[in-house]
Each structure stands twice: as structure tokens, then as C-alpha cells.
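Everything on this sheet refers to the single structure shown next.
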Amino acid sequence: MNLDIAAVVAVLTVVFGVLVKFIGFPDQIRSNHKRKSTEGLSTIFIILSVITYTLWTIHGYFQKDPVLVIGQGIGIITTGIILYQIWLYRKNK
């Protein structure tokens, strides 16, 4: 069997992208909500993540790539929720 390294990388990229957006970020959102705190999270990292996902989504739109738009759009939503939690829970201190 001849494995194309580009195909393997493409599949792994999708798999790990899905894991981050559907397991990693939601788990962090639940943890923040349960603790009513975002202590220990890097605000700068989350802001940069929102910006990065937004730019990738725009890029996907211009490239007419619905997979990129949907995948990165989910990233905007999940990191946006965490950014909102940072604002909400720090405001309540």
C-alpha cells in the first residue's frame, strides 16, 4: 500500500481540528461555567485564537471553500464563548 503523506496529513489535520473544536474548547467552556472562573486562561491567547479563526473563515469564504468556512467558523464560536466567559467572570469579581 502506497501512502500519500499529503493525504495522511490532511486527514490528521481534520481529525485534530475536530477534536479541538468539539472536545477541547467545549470542555474548557464547561469547566469555566462550573467554576464561574477563567482563572489561569491566557486572555491574549484566546483573543489571538478568535482573530485567527476569523481570518481563516474569511479566507475560506474568498476561496469558496465551505469546509474551511464551517470548520473555522466553529472555532470562532467556541473561542468567542470563552472570550465572553473571560469578560463575564472577571467583571463579576
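Chain labels A, B, ... are given in the sequence in which chains occur in the C-alpha cells; within each chain residues are numbered consecutively from 1, and ligands are likewise numbered from 1 in the order shown.
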I'd like to know which residues of range 3-88 of chain A are alpha helix (DSSP H) (by DSSP, run on the backbone); could you write them as a short mmCIF file (atom, residue, chain, number, x, y, z; two decimals) with all heavy atoms, in the first residue's frame?
data_model
loop_
_atom_site.label_atom_id
_atom_site.label_comp_id
_atom_site.auth_asym_id
_atom_site.auth_seq_id
_atom_site.Cartn_x
_atom_site.Cartn_y
_atom_site.Cartn_z
N ILE A 5 1.73 10.99 1.79
CA ILE A 5 1.94 11.74 3.03
C ILE A 5 1.02 12.96 3.11
O ILE A 5 0.53 13.31 4.18
CB ILE A 5 3.43 12.14 3.21
CG1 ILE A 5 3.69 12.68 4.62
CG2 ILE A 5 3.84 13.17 2.19
CD1 ILE A 5 3.68 11.64 5.67
N ALA A 6 0.75 13.60 1.99
CA ALA A 6 -0.15 14.76 1.99
C ALA A 6 -1.57 14.35 2.40
O ALA A 6 -2.24 15.08 3.14
CB ALA A 6 -0.17 15.41 0.61
N ALA A 7 -2.02 13.18 1.97
CA ALA A 7 -3.35 12.70 2.34
C ALA A 7 -3.41 12.37 3.83
O ALA A 7 -4.39 12.67 4.50
CB ALA A 7 -3.72 11.48 1.51
N VAL A 8 -2.34 11.77 4.35
CA VAL A 8 -2.28 11.44 5.77
C VAL A 8 -2.32 12.73 6.60
O VAL A 8 -3.07 12.84 7.59
CB VAL A 8 -1.02 10.61 6.10
CG1 VAL A 8 -0.84 10.46 7.61
CG2 VAL A 8 -1.09 9.25 5.42
N VAL A 9 -1.53 13.72 6.21
CA VAL A 9 -1.51 14.99 6.92
C VAL A 9 -2.88 15.66 6.84
O VAL A 9 -3.37 16.22 7.84
CB VAL A 9 -0.39 15.92 6.37
CG1 VAL A 9 -0.53 17.33 6.92
CG2 VAL A 9 0.98 15.34 6.70
N ALA A 10 -3.53 15.61 5.69
CA ALA A 10 -4.85 16.20 5.53
C ALA A 10 -5.86 15.56 6.48
O ALA A 10 -6.64 16.25 7.14
CB ALA A 10 -5.32 16.09 4.08
N VAL A 11 -5.85 14.25 6.55
CA VAL A 11 -6.78 13.53 7.43
C VAL A 11 -6.49 13.87 8.90
O VAL A 11 -7.41 14.15 9.68
CB VAL A 11 -6.72 12.01 7.19
CG1 VAL A 11 -7.46 11.25 8.28
CG2 VAL A 11 -7.29 11.68 5.82
N LEU A 12 -5.23 13.86 9.28
CA LEU A 12 -4.87 14.18 10.66
C LEU A 12 -5.24 15.62 11.02
O LEU A 12 -5.68 15.89 12.14
CB LEU A 12 -3.37 13.95 10.90
CG LEU A 12 -2.92 12.50 10.92
CD1 LEU A 12 -1.39 12.42 11.02
CD2 LEU A 12 -3.58 11.73 12.05
N THR A 13 -5.10 16.53 10.08
CA THR A 13 -5.47 17.93 10.30
C THR A 13 -6.96 18.04 10.60
O THR A 13 -7.37 18.73 11.53
CB THR A 13 -5.11 18.78 9.08
OG1 THR A 13 -3.69 18.71 8.86
CG2 THR A 13 -5.50 20.23 9.27
N VAL A 14 -7.77 17.36 9.82
CA VAL A 14 -9.22 17.38 10.04
C VAL A 14 -9.56 16.73 11.37
O VAL A 14 -10.34 17.29 12.17
CB VAL A 14 -9.96 16.69 8.88
CG1 VAL A 14 -11.43 16.49 9.21
CG2 VAL A 14 -9.80 17.48 7.59
N VAL A 15 -9.00 15.58 11.66
CA VAL A 15 -9.31 14.86 12.89
C VAL A 15 -8.96 15.71 14.12
O VAL A 15 -9.79 15.88 15.03
CB VAL A 15 -8.57 13.49 12.95
CG1 VAL A 15 -8.64 12.88 14.35
CG2 VAL A 15 -9.15 12.54 11.92
N PHE A 16 -7.76 16.25 14.16
CA PHE A 16 -7.35 17.02 15.33
C PHE A 16 -8.06 18.37 15.40
O PHE A 16 -8.35 18.88 16.49
CB PHE A 16 -5.83 17.17 15.39
CG PHE A 16 -5.18 15.93 15.92
CD1 PHE A 16 -4.72 14.95 15.05
CD2 PHE A 16 -5.06 15.72 17.28
CE1 PHE A 16 -4.15 13.79 15.52
CE2 PHE A 16 -4.49 14.55 17.77
CZ PHE A 16 -4.02 13.59 16.89
N GLY A 17 -8.38 18.96 14.26
CA GLY A 17 -9.18 20.19 14.25
C GLY A 17 -10.55 19.95 14.84
O GLY A 17 -11.06 20.76 15.64
N VAL A 18 -11.17 18.84 14.49
CA VAL A 18 -12.48 18.49 15.04
C VAL A 18 -12.37 18.23 16.54
O VAL A 18 -13.21 18.69 17.32
CB VAL A 18 -13.07 17.27 14.30
CG1 VAL A 18 -14.26 16.69 15.04
CG2 VAL A 18 -13.46 17.65 12.88
N LEU A 19 -11.35 17.51 16.96
CA LEU A 19 -11.17 17.22 18.38
C LEU A 19 -11.02 18.50 19.21
O LEU A 19 -11.63 18.63 20.28
CB LEU A 19 -9.95 16.31 18.61
CG LEU A 19 -10.09 14.88 18.13
CD1 LEU A 19 -8.75 14.13 18.29
CD2 LEU A 19 -11.20 14.16 18.87
N PHE A 25 -12.28 22.80 23.31
CA PHE A 25 -12.89 24.07 23.69
C PHE A 25 -14.19 23.89 24.47
O PHE A 25 -14.39 24.54 25.50
CB PHE A 25 -13.09 24.99 22.48
CG PHE A 25 -11.81 25.60 21.96
CD1 PHE A 25 -11.52 25.55 20.62
CD2 PHE A 25 -10.92 26.24 22.80
CE1 PHE A 25 -10.35 26.12 20.12
CE2 PHE A 25 -9.75 26.81 22.33
CZ PHE A 25 -9.46 26.75 20.98
N PRO A 26 -15.10 23.01 24.04
CA PRO A 26 -16.31 22.82 24.85
C PRO A 26 -16.02 22.33 26.27
O PRO A 26 -16.70 22.73 27.22
CB PRO A 26 -17.11 21.78 24.05
CG PRO A 26 -16.70 22.03 22.64
CD PRO A 26 -15.22 22.34 22.75
N ASP A 27 -15.00 21.49 26.43
CA ASP A 27 -14.63 21.03 27.77
C ASP A 27 -14.16 22.22 28.61
O ASP A 27 -14.50 22.34 29.79
CB ASP A 27 -13.54 19.97 27.68
CG ASP A 27 -13.21 19.38 29.03
OD1 ASP A 27 -14.15 18.88 29.70
OD2 ASP A 27 -12.03 19.43 29.43
N GLN A 28 -13.40 23.13 28.00
CA GLN A 28 -12.94 24.32 28.71
C GLN A 28 -14.12 25.22 29.05
O GLN A 28 -14.20 25.77 30.15
CB GLN A 28 -11.93 25.10 27.85
CG GLN A 28 -11.34 26.30 28.56
CD GLN A 28 -10.51 25.90 29.76
OE1 GLN A 28 -9.54 25.15 29.64
NE2 GLN A 28 -10.88 26.38 30.94
N ILE A 29 -15.07 25.35 28.13
CA ILE A 29 -16.26 26.16 28.38
C ILE A 29 -17.05 25.60 29.57
O ILE A 29 -17.46 26.36 30.46
CB ILE A 29 -17.15 26.22 27.11
CG1 ILE A 29 -16.44 27.03 26.02
CG2 ILE A 29 -18.53 26.80 27.42
CD1 ILE A 29 -17.05 26.89 24.63
N ARG A 30 -17.25 24.28 29.59
CA ARG A 30 -17.97 23.65 30.71
C ARG A 30 -17.22 23.86 32.04
O ARG A 30 -17.82 24.15 33.07
CB ARG A 30 -18.16 22.16 30.45
CG ARG A 30 -19.31 21.83 29.54
CD ARG A 30 -19.59 20.34 29.47
NE ARG A 30 -18.48 19.56 28.95
CZ ARG A 30 -18.22 19.40 27.65
NH1 ARG A 30 -18.99 19.94 26.75
NH2 ARG A 30 -17.19 18.67 27.26
N SER A 31 -15.92 23.70 32.01
CA SER A 31 -15.12 23.88 33.22
C SER A 31 -15.22 25.32 33.72
O SER A 31 -15.39 25.55 34.92
CB SER A 31 -13.66 23.52 32.92
OG SER A 31 -12.84 23.75 34.03
N ASN A 32 -15.12 26.28 32.82
CA ASN A 32 -15.24 27.69 33.20
C ASN A 32 -16.61 27.96 33.82
O ASN A 32 -16.71 28.63 34.84
CB ASN A 32 -15.07 28.61 31.99
CG ASN A 32 -13.70 28.53 31.38
OD1 ASN A 32 -12.74 28.06 31.99
ND2 ASN A 32 -13.58 29.00 30.16
N HIS A 33 -17.64 27.42 33.19
CA HIS A 33 -19.00 27.65 33.67
C HIS A 33 -19.20 27.03 35.05
O HIS A 33 -19.79 27.66 35.94
CB HIS A 33 -20.01 27.06 32.67
CG HIS A 33 -21.43 27.22 33.09
ND1 HIS A 33 -22.06 28.44 33.08
CD2 HIS A 33 -22.33 26.33 33.54
CE1 HIS A 33 -23.30 28.28 33.51
NE2 HIS A 33 -23.48 27.00 33.80
N LYS A 34 -18.69 25.83 35.24
CA LYS A 34 -18.84 25.14 36.52
C LYS A 34 -18.14 25.91 37.64
O LYS A 34 -18.68 26.07 38.73
CB LYS A 34 -18.26 23.73 36.41
CG LYS A 34 -18.42 22.89 37.64
CD LYS A 34 -17.86 21.49 37.41
CE LYS A 34 -17.95 20.66 38.66
NZ LYS A 34 -17.40 19.33 38.45
N ARG A 35 -16.93 26.42 37.35
CA ARG A 35 -16.16 27.15 38.36
C ARG A 35 -16.55 28.62 38.46
O ARG A 35 -16.15 29.30 39.39
CB ARG A 35 -14.66 27.07 38.03
CG ARG A 35 -14.06 25.71 38.12
CD ARG A 35 -12.57 25.70 37.80
NE ARG A 35 -12.34 26.02 36.40
CZ ARG A 35 -11.54 27.00 35.97
NH1 ARG A 35 -10.89 27.75 36.81
NH2 ARG A 35 -11.38 27.23 34.68
N THR A 43 -5.82 35.40 28.31
CA THR A 43 -6.73 36.24 27.53
C THR A 43 -6.14 36.55 26.16
O THR A 43 -6.85 36.51 25.15
CB THR A 43 -7.02 37.55 28.29
OG1 THR A 43 -7.57 37.23 29.57
CG2 THR A 43 -8.00 38.43 27.54
N ILE A 44 -4.85 36.82 26.11
CA ILE A 44 -4.20 37.13 24.84
C ILE A 44 -4.30 35.95 23.88
O ILE A 44 -4.60 36.11 22.70
CB ILE A 44 -2.73 37.55 25.07
CG1 ILE A 44 -2.69 38.90 25.77
CG2 ILE A 44 -1.96 37.60 23.75
CD1 ILE A 44 -1.31 39.33 26.23
N PHE A 45 -4.08 34.74 24.39
CA PHE A 45 -4.19 33.54 23.55
C PHE A 45 -5.60 33.40 22.97
O PHE A 45 -5.77 33.10 21.80
CB PHE A 45 -3.81 32.29 24.35
CG PHE A 45 -4.09 31.02 23.60
CD1 PHE A 45 -3.31 30.64 22.52
CD2 PHE A 45 -5.17 30.22 23.96
CE1 PHE A 45 -3.58 29.47 21.81
CE2 PHE A 45 -5.45 29.06 23.26
CZ PHE A 45 -4.65 28.68 22.18
N ILE A 46 -6.61 33.61 23.80
CA ILE A 46 -7.99 33.46 23.34
C ILE A 46 -8.32 34.54 22.32
O ILE A 46 -8.95 34.26 21.28
CB ILE A 46 -8.98 33.46 24.53
CG1 ILE A 46 -8.70 32.28 25.47
CG2 ILE A 46 -10.41 33.44 24.03
CD1 ILE A 46 -8.82 30.91 24.83
N ILE A 47 -7.90 35.78 22.55
CA ILE A 47 -8.13 36.86 21.58
C ILE A 47 -7.45 36.53 20.26
O ILE A 47 -8.05 36.67 19.18
CB ILE A 47 -7.65 38.22 22.13
CG1 ILE A 47 -8.57 38.67 23.27
CG2 ILE A 47 -7.59 39.27 21.03
CD1 ILE A 47 -8.06 39.87 24.05
N LEU A 48 -6.21 36.08 20.32
CA LEU A 48 -5.49 35.71 19.09
C LEU A 48 -6.18 34.54 18.38
O LEU A 48 -6.23 34.51 17.14
CB LEU A 48 -4.03 35.36 19.40
CG LEU A 48 -3.14 36.53 19.78
CD1 LEU A 48 -1.76 36.03 20.21
CD2 LEU A 48 -3.01 37.51 18.63
N SER A 49 -6.72 33.61 19.14
CA SER A 49 -7.44 32.48 18.54
C SER A 49 -8.69 32.95 17.81
O SER A 49 -8.96 32.51 16.68
CB SER A 49 -7.84 31.46 19.62
OG SER A 49 -6.70 30.88 20.19
N VAL A 50 -9.46 33.85 18.42
CA VAL A 50 -10.65 34.38 17.76
C VAL A 50 -10.27 35.08 16.46
O VAL A 50 -10.90 34.88 15.42
CB VAL A 50 -11.44 35.33 18.69
CG1 VAL A 50 -12.55 36.05 17.94
CG2 VAL A 50 -12.02 34.58 19.88
N ILE A 51 -9.23 35.91 16.52
CA ILE A 51 -8.78 36.63 15.32
C ILE A 51 -8.32 35.65 14.24
O ILE A 51 -8.68 35.79 13.07
CB ILE A 51 -7.65 37.63 15.68
CG1 ILE A 51 -8.21 38.77 16.54
CG2 ILE A 51 -6.99 38.18 14.41
CD1 ILE A 51 -7.15 39.65 17.17
N THR A 52 -7.55 34.64 14.64
CA THR A 52 -7.04 33.65 13.69
C THR A 52 -8.19 32.89 13.02
O THR A 52 -8.22 32.74 11.79
CB THR A 52 -6.08 32.68 14.37
OG1 THR A 52 -4.99 33.42 14.92
CG2 THR A 52 -5.56 31.63 13.40
N TYR A 53 -9.13 32.39 13.83
CA TYR A 53 -10.27 31.67 13.26
C TYR A 53 -11.10 32.57 12.34
O TYR A 53 -11.59 32.13 11.31
CB TYR A 53 -11.16 31.08 14.37
CG TYR A 53 -10.59 29.86 15.03
CD1 TYR A 53 -10.45 29.80 16.41
CD2 TYR A 53 -10.20 28.75 14.29
CE1 TYR A 53 -9.94 28.67 17.03
CE2 TYR A 53 -9.69 27.62 14.91
CZ TYR A 53 -9.56 27.58 16.27
OH TYR A 53 -9.05 26.46 16.87
N THR A 54 -11.23 33.84 12.72
CA THR A 54 -11.99 34.78 11.88
C THR A 54 -11.30 34.99 10.53
O THR A 54 -11.95 34.94 9.48
CB THR A 54 -12.16 36.13 12.61
OG1 THR A 54 -12.86 35.90 13.84
CG2 THR A 54 -12.92 37.13 11.76
N LEU A 55 -10.00 35.20 10.57
CA LEU A 55 -9.27 35.41 9.31
C LEU A 55 -9.30 34.17 8.43
O LEU A 55 -9.46 34.26 7.20
CB LEU A 55 -7.83 35.84 9.61
CG LEU A 55 -7.69 37.25 10.20
CD1 LEU A 55 -6.26 37.51 10.64
CD2 LEU A 55 -8.16 38.31 9.22
N TRP A 56 -9.17 32.97 9.03
CA TRP A 56 -9.24 31.73 8.25
C TRP A 56 -10.63 31.55 7.64
O TRP A 56 -10.78 31.08 6.51
CB TRP A 56 -8.88 30.51 9.09
CG TRP A 56 -7.42 30.21 9.09
CD1 TRP A 56 -6.55 30.38 10.11
CD2 TRP A 56 -6.65 29.69 7.99
NE1 TRP A 56 -5.29 30.00 9.72
CE2 TRP A 56 -5.32 29.58 8.41
CE3 TRP A 56 -6.97 29.32 6.69
CZ2 TRP A 56 -4.31 29.10 7.60
CZ3 TRP A 56 -5.95 28.85 5.87
CH2 TRP A 56 -4.66 28.74 6.33
N THR A 57 -11.66 31.94 8.39
CA THR A 57 -13.03 31.84 7.87
C THR A 57 -13.22 32.78 6.68
O THR A 57 -13.80 32.38 5.66
CB THR A 57 -14.05 32.17 8.98
OG1 THR A 57 -13.85 31.25 10.06
CG2 THR A 57 -15.48 32.05 8.48
N ILE A 58 -12.72 33.99 6.81
CA ILE A 58 -12.81 34.96 5.70
C ILE A 58 -12.04 34.43 4.50
O ILE A 58 -12.52 34.51 3.36
CB ILE A 58 -12.31 36.34 6.15
CG1 ILE A 58 -13.26 36.93 7.20
CG2 ILE A 58 -12.15 37.28 4.96
CD1 ILE A 58 -12.71 38.14 7.92
N HIS A 59 -10.85 33.90 4.74
CA HIS A 59 -10.05 33.32 3.66
C HIS A 59 -10.82 32.20 2.96
O HIS A 59 -10.87 32.13 1.73
CB HIS A 59 -8.72 32.80 4.22
CG HIS A 59 -7.91 32.04 3.22
ND1 HIS A 59 -7.29 32.65 2.15
CD2 HIS A 59 -7.62 30.72 3.13
CE1 HIS A 59 -6.66 31.72 1.45
NE2 HIS A 59 -6.83 30.55 2.02
N GLY A 60 -11.43 31.32 3.76
CA GLY A 60 -12.22 30.23 3.20
C GLY A 60 -13.39 30.74 2.38
O GLY A 60 -13.72 30.18 1.33
N TYR A 61 -14.02 31.82 2.83
CA TYR A 61 -15.12 32.43 2.08
C TYR A 61 -14.64 32.91 0.72
O TYR A 61 -15.27 32.64 -0.31
CB TYR A 61 -15.72 33.59 2.89
CG TYR A 61 -16.74 34.37 2.12
CD1 TYR A 61 -18.04 33.89 1.97
CD2 TYR A 61 -16.41 35.58 1.54
CE1 TYR A 61 -18.98 34.60 1.25
CE2 TYR A 61 -17.34 36.30 0.82
CZ TYR A 61 -18.63 35.81 0.68
OH TYR A 61 -19.55 36.53 -0.05
N PHE A 62 -13.52 33.62 0.70
CA PHE A 62 -12.99 34.13 -0.56
C PHE A 62 -12.51 33.01 -1.48
O PHE A 62 -12.55 33.15 -2.71
CB PHE A 62 -11.85 35.13 -0.32
CG PHE A 62 -12.34 36.47 0.18
CD1 PHE A 62 -11.75 37.06 1.28
CD2 PHE A 62 -13.38 37.14 -0.45
CE1 PHE A 62 -12.19 38.28 1.76
CE2 PHE A 62 -13.84 38.37 0.02
CZ PHE A 62 -13.23 38.94 1.12
N PRO A 66 -16.28 25.74 1.51
CA PRO A 66 -17.23 25.61 2.62
C PRO A 66 -16.68 24.80 3.80
O PRO A 66 -17.04 25.07 4.95
CB PRO A 66 -18.44 24.92 2.01
CG PRO A 66 -17.96 24.29 0.75
CD PRO A 66 -16.78 25.10 0.30
N VAL A 67 -15.81 23.85 3.55
CA VAL A 67 -15.23 23.07 4.65
C VAL A 67 -14.41 23.98 5.55
O VAL A 67 -14.50 23.93 6.78
CB VAL A 67 -14.37 21.90 4.11
CG1 VAL A 67 -13.62 21.21 5.23
CG2 VAL A 67 -15.24 20.92 3.34
N LEU A 68 -13.62 24.85 4.95
CA LEU A 68 -12.81 25.79 5.71
C LEU A 68 -13.69 26.79 6.46
O LEU A 68 -13.46 27.06 7.64
CB LEU A 68 -11.85 26.52 4.77
CG LEU A 68 -10.71 27.31 5.38
CD1 LEU A 68 -9.86 26.44 6.28
CD2 LEU A 68 -9.85 27.93 4.28
N VAL A 69 -14.70 27.29 5.79
CA VAL A 69 -15.60 28.26 6.42
C VAL A 69 -16.32 27.64 7.62
O VAL A 69 -16.36 28.23 8.71
CB VAL A 69 -16.63 28.81 5.40
CG1 VAL A 69 -17.72 29.62 6.09
CG2 VAL A 69 -15.93 29.64 4.34
N ILE A 70 -16.85 26.46 7.45
CA ILE A 70 -17.58 25.81 8.54
C ILE A 70 -16.64 25.44 9.69
O ILE A 70 -16.91 25.73 10.86
CB ILE A 70 -18.35 24.56 8.03
CG1 ILE A 70 -19.47 25.00 7.09
CG2 ILE A 70 -18.89 23.74 9.20
CD1 ILE A 70 -20.09 23.88 6.29
N GLY A 71 -15.53 24.82 9.35
CA GLY A 71 -14.58 24.39 10.39
C GLY A 71 -14.03 25.55 11.19
O GLY A 71 -14.01 25.51 12.43
N GLN A 72 -13.61 26.59 10.52
CA GLN A 72 -13.05 27.74 11.22
C GLN A 72 -14.15 28.57 11.88
O GLN A 72 -13.94 29.18 12.93
CB GLN A 72 -12.22 28.60 10.27
CG GLN A 72 -11.06 27.85 9.62
CD GLN A 72 -10.16 27.17 10.63
OE1 GLN A 72 -9.67 27.78 11.58
NE2 GLN A 72 -9.92 25.89 10.44
N GLY A 73 -15.34 28.56 11.28
CA GLY A 73 -16.47 29.25 11.90
C GLY A 73 -16.82 28.66 13.25
O GLY A 73 -17.17 29.38 14.19
N ILE A 74 -16.72 27.34 13.36
CA ILE A 74 -16.95 26.69 14.65
C ILE A 74 -15.89 27.14 15.66
O ILE A 74 -16.18 27.35 16.84
CB ILE A 74 -16.98 25.16 14.50
CG1 ILE A 74 -18.21 24.75 13.69
CG2 ILE A 74 -16.96 24.46 15.86
CD1 ILE A 74 -18.19 23.32 13.21
N GLY A 75 -14.68 27.34 15.18
CA GLY A 75 -13.62 27.86 16.04
C GLY A 75 -13.93 29.26 16.54
O GLY A 75 -13.65 29.59 17.70
N ILE A 76 -14.52 30.09 15.69
CA ILE A 76 -14.92 31.44 16.12
C ILE A 76 -15.94 31.34 17.25
O ILE A 76 -15.86 32.06 18.25
CB ILE A 76 -15.53 32.25 14.95
CG1 ILE A 76 -14.50 32.55 13.88
CG2 ILE A 76 -16.14 33.56 15.46
CD1 ILE A 76 -15.09 33.14 12.60
N ILE A 77 -16.90 30.46 17.08
CA ILE A 77 -17.97 30.32 18.08
C ILE A 77 -17.40 29.83 19.42
O ILE A 77 -17.67 30.43 20.47
CB ILE A 77 -19.07 29.36 17.58
CG1 ILE A 77 -19.79 30.00 16.39
CG2 ILE A 77 -20.05 29.02 18.70
CD1 ILE A 77 -20.67 29.04 15.61
N THR A 78 -16.59 28.78 19.38
CA THR A 78 -16.11 28.21 20.64
C THR A 78 -15.14 29.15 21.36
O THR A 78 -15.26 29.35 22.57
CB THR A 78 -15.45 26.83 20.43
OG1 THR A 78 -14.43 26.93 19.44
CG2 THR A 78 -16.47 25.79 20.02
N THR A 79 -14.21 29.75 20.63
CA THR A 79 -13.29 30.69 21.29
C THR A 79 -14.01 31.98 21.66
O THR A 79 -13.66 32.61 22.66
CB THR A 79 -12.05 30.98 20.42
OG1 THR A 79 -12.46 31.44 19.14
CG2 THR A 79 -11.16 29.77 20.30
N GLY A 80 -15.01 32.35 20.88
CA GLY A 80 -15.81 33.53 21.23
C GLY A 80 -16.55 33.33 22.54
O GLY A 80 -16.65 34.26 23.36
N ILE A 81 -17.06 32.13 22.77
CA ILE A 81 -17.74 31.83 24.04
C ILE A 81 -16.75 31.95 25.20
O ILE A 81 -17.06 32.52 26.25
CB ILE A 81 -18.40 30.44 24.00
CG1 ILE A 81 -19.58 30.44 23.03
CG2 ILE A 81 -18.84 30.00 25.41
CD1 ILE A 81 -20.14 29.05 22.73
N ILE A 82 -15.55 31.41 25.01
CA ILE A 82 -14.54 31.51 26.08
C ILE A 82 -14.16 32.96 26.32
O ILE A 82 -14.02 33.39 27.47
CB ILE A 82 -13.31 30.64 25.75
CG1 ILE A 82 -13.69 29.16 25.76
CG2 ILE A 82 -12.17 30.91 26.74
CD1 ILE A 82 -12.61 28.22 25.25
N LEU A 83 -14.02 33.74 25.26
CA LEU A 83 -13.70 35.17 25.41
C LEU A 83 -14.82 35.87 26.19
O LEU A 83 -14.55 36.69 27.08
CB LEU A 83 -13.49 35.82 24.05
CG LEU A 83 -12.99 37.25 24.05
CD1 LEU A 83 -11.66 37.36 24.78
CD2 LEU A 83 -12.86 37.75 22.62
N TYR A 84 -16.06 35.54 25.89
CA TYR A 84 -17.20 36.09 26.62
C TYR A 84 -17.13 35.68 28.10
O TYR A 84 -17.38 36.50 28.99
CB TYR A 84 -18.52 35.63 26.00
CG TYR A 84 -19.72 36.02 26.83
CD1 TYR A 84 -20.14 37.35 26.89
CD2 TYR A 84 -20.42 35.07 27.57
CE1 TYR A 84 -21.24 37.71 27.68
CE2 TYR A 84 -21.51 35.42 28.34
CZ TYR A 84 -21.91 36.75 28.39
OH TYR A 84 -22.98 37.10 29.17
N GLN A 85 -16.79 34.42 28.36
CA GLN A 85 -16.67 33.97 29.74
C GLN A 85 -15.57 34.74 30.48
O GLN A 85 -15.74 35.09 31.65
CB GLN A 85 -16.38 32.47 29.80
CG GLN A 85 -17.56 31.61 29.44
CD GLN A 85 -17.20 30.12 29.48
OE1 GLN A 85 -16.11 29.72 29.10
NE2 GLN A 85 -18.15 29.32 29.97
N ILE A 86 -14.46 35.00 29.81
CA ILE A 86 -13.39 35.79 30.43
C ILE A 86 -13.93 37.15 30.85
O ILE A 86 -13.72 37.61 31.97
CB ILE A 86 -12.17 35.93 29.48
CG1 ILE A 86 -11.46 34.58 29.35
CG2 ILE A 86 -11.22 37.01 29.97
CD1 ILE A 86 -10.40 34.56 28.25
N TRP A 87 -14.64 37.79 29.95
CA TRP A 87 -15.22 39.11 30.25
C TRP A 87 -16.26 38.99 31.38
O TRP A 87 -16.23 39.78 32.32
CB TRP A 87 -15.87 39.67 28.98
CG TRP A 87 -16.63 40.93 29.22
CD1 TRP A 87 -16.11 42.19 29.34
CD2 TRP A 87 -18.04 41.05 29.41
NE1 TRP A 87 -17.12 43.07 29.58
CE2 TRP A 87 -18.32 42.41 29.63
CE3 TRP A 87 -19.09 40.13 29.41
CZ2 TRP A 87 -19.60 42.88 29.85
CZ3 TRP A 87 -20.37 40.61 29.62
CH2 TRP A 87 -20.61 41.96 29.84
N LEU A 88 -17.15 38.02 31.30
CA LEU A 88 -18.23 37.86 32.26
C LEU A 88 -17.71 37.56 33.66
O LEU A 88 -18.10 38.22 34.63
CB LEU A 88 -19.17 36.73 31.81
CG LEU A 88 -20.35 36.42 32.73
CD1 LEU A 88 -21.32 37.58 32.74
CD2 LEU A 88 -21.04 35.15 32.26
#
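Here CA of Ile23 in chain A stands at a distance of 21.9 Å from CA of Tyr89 in chain A.
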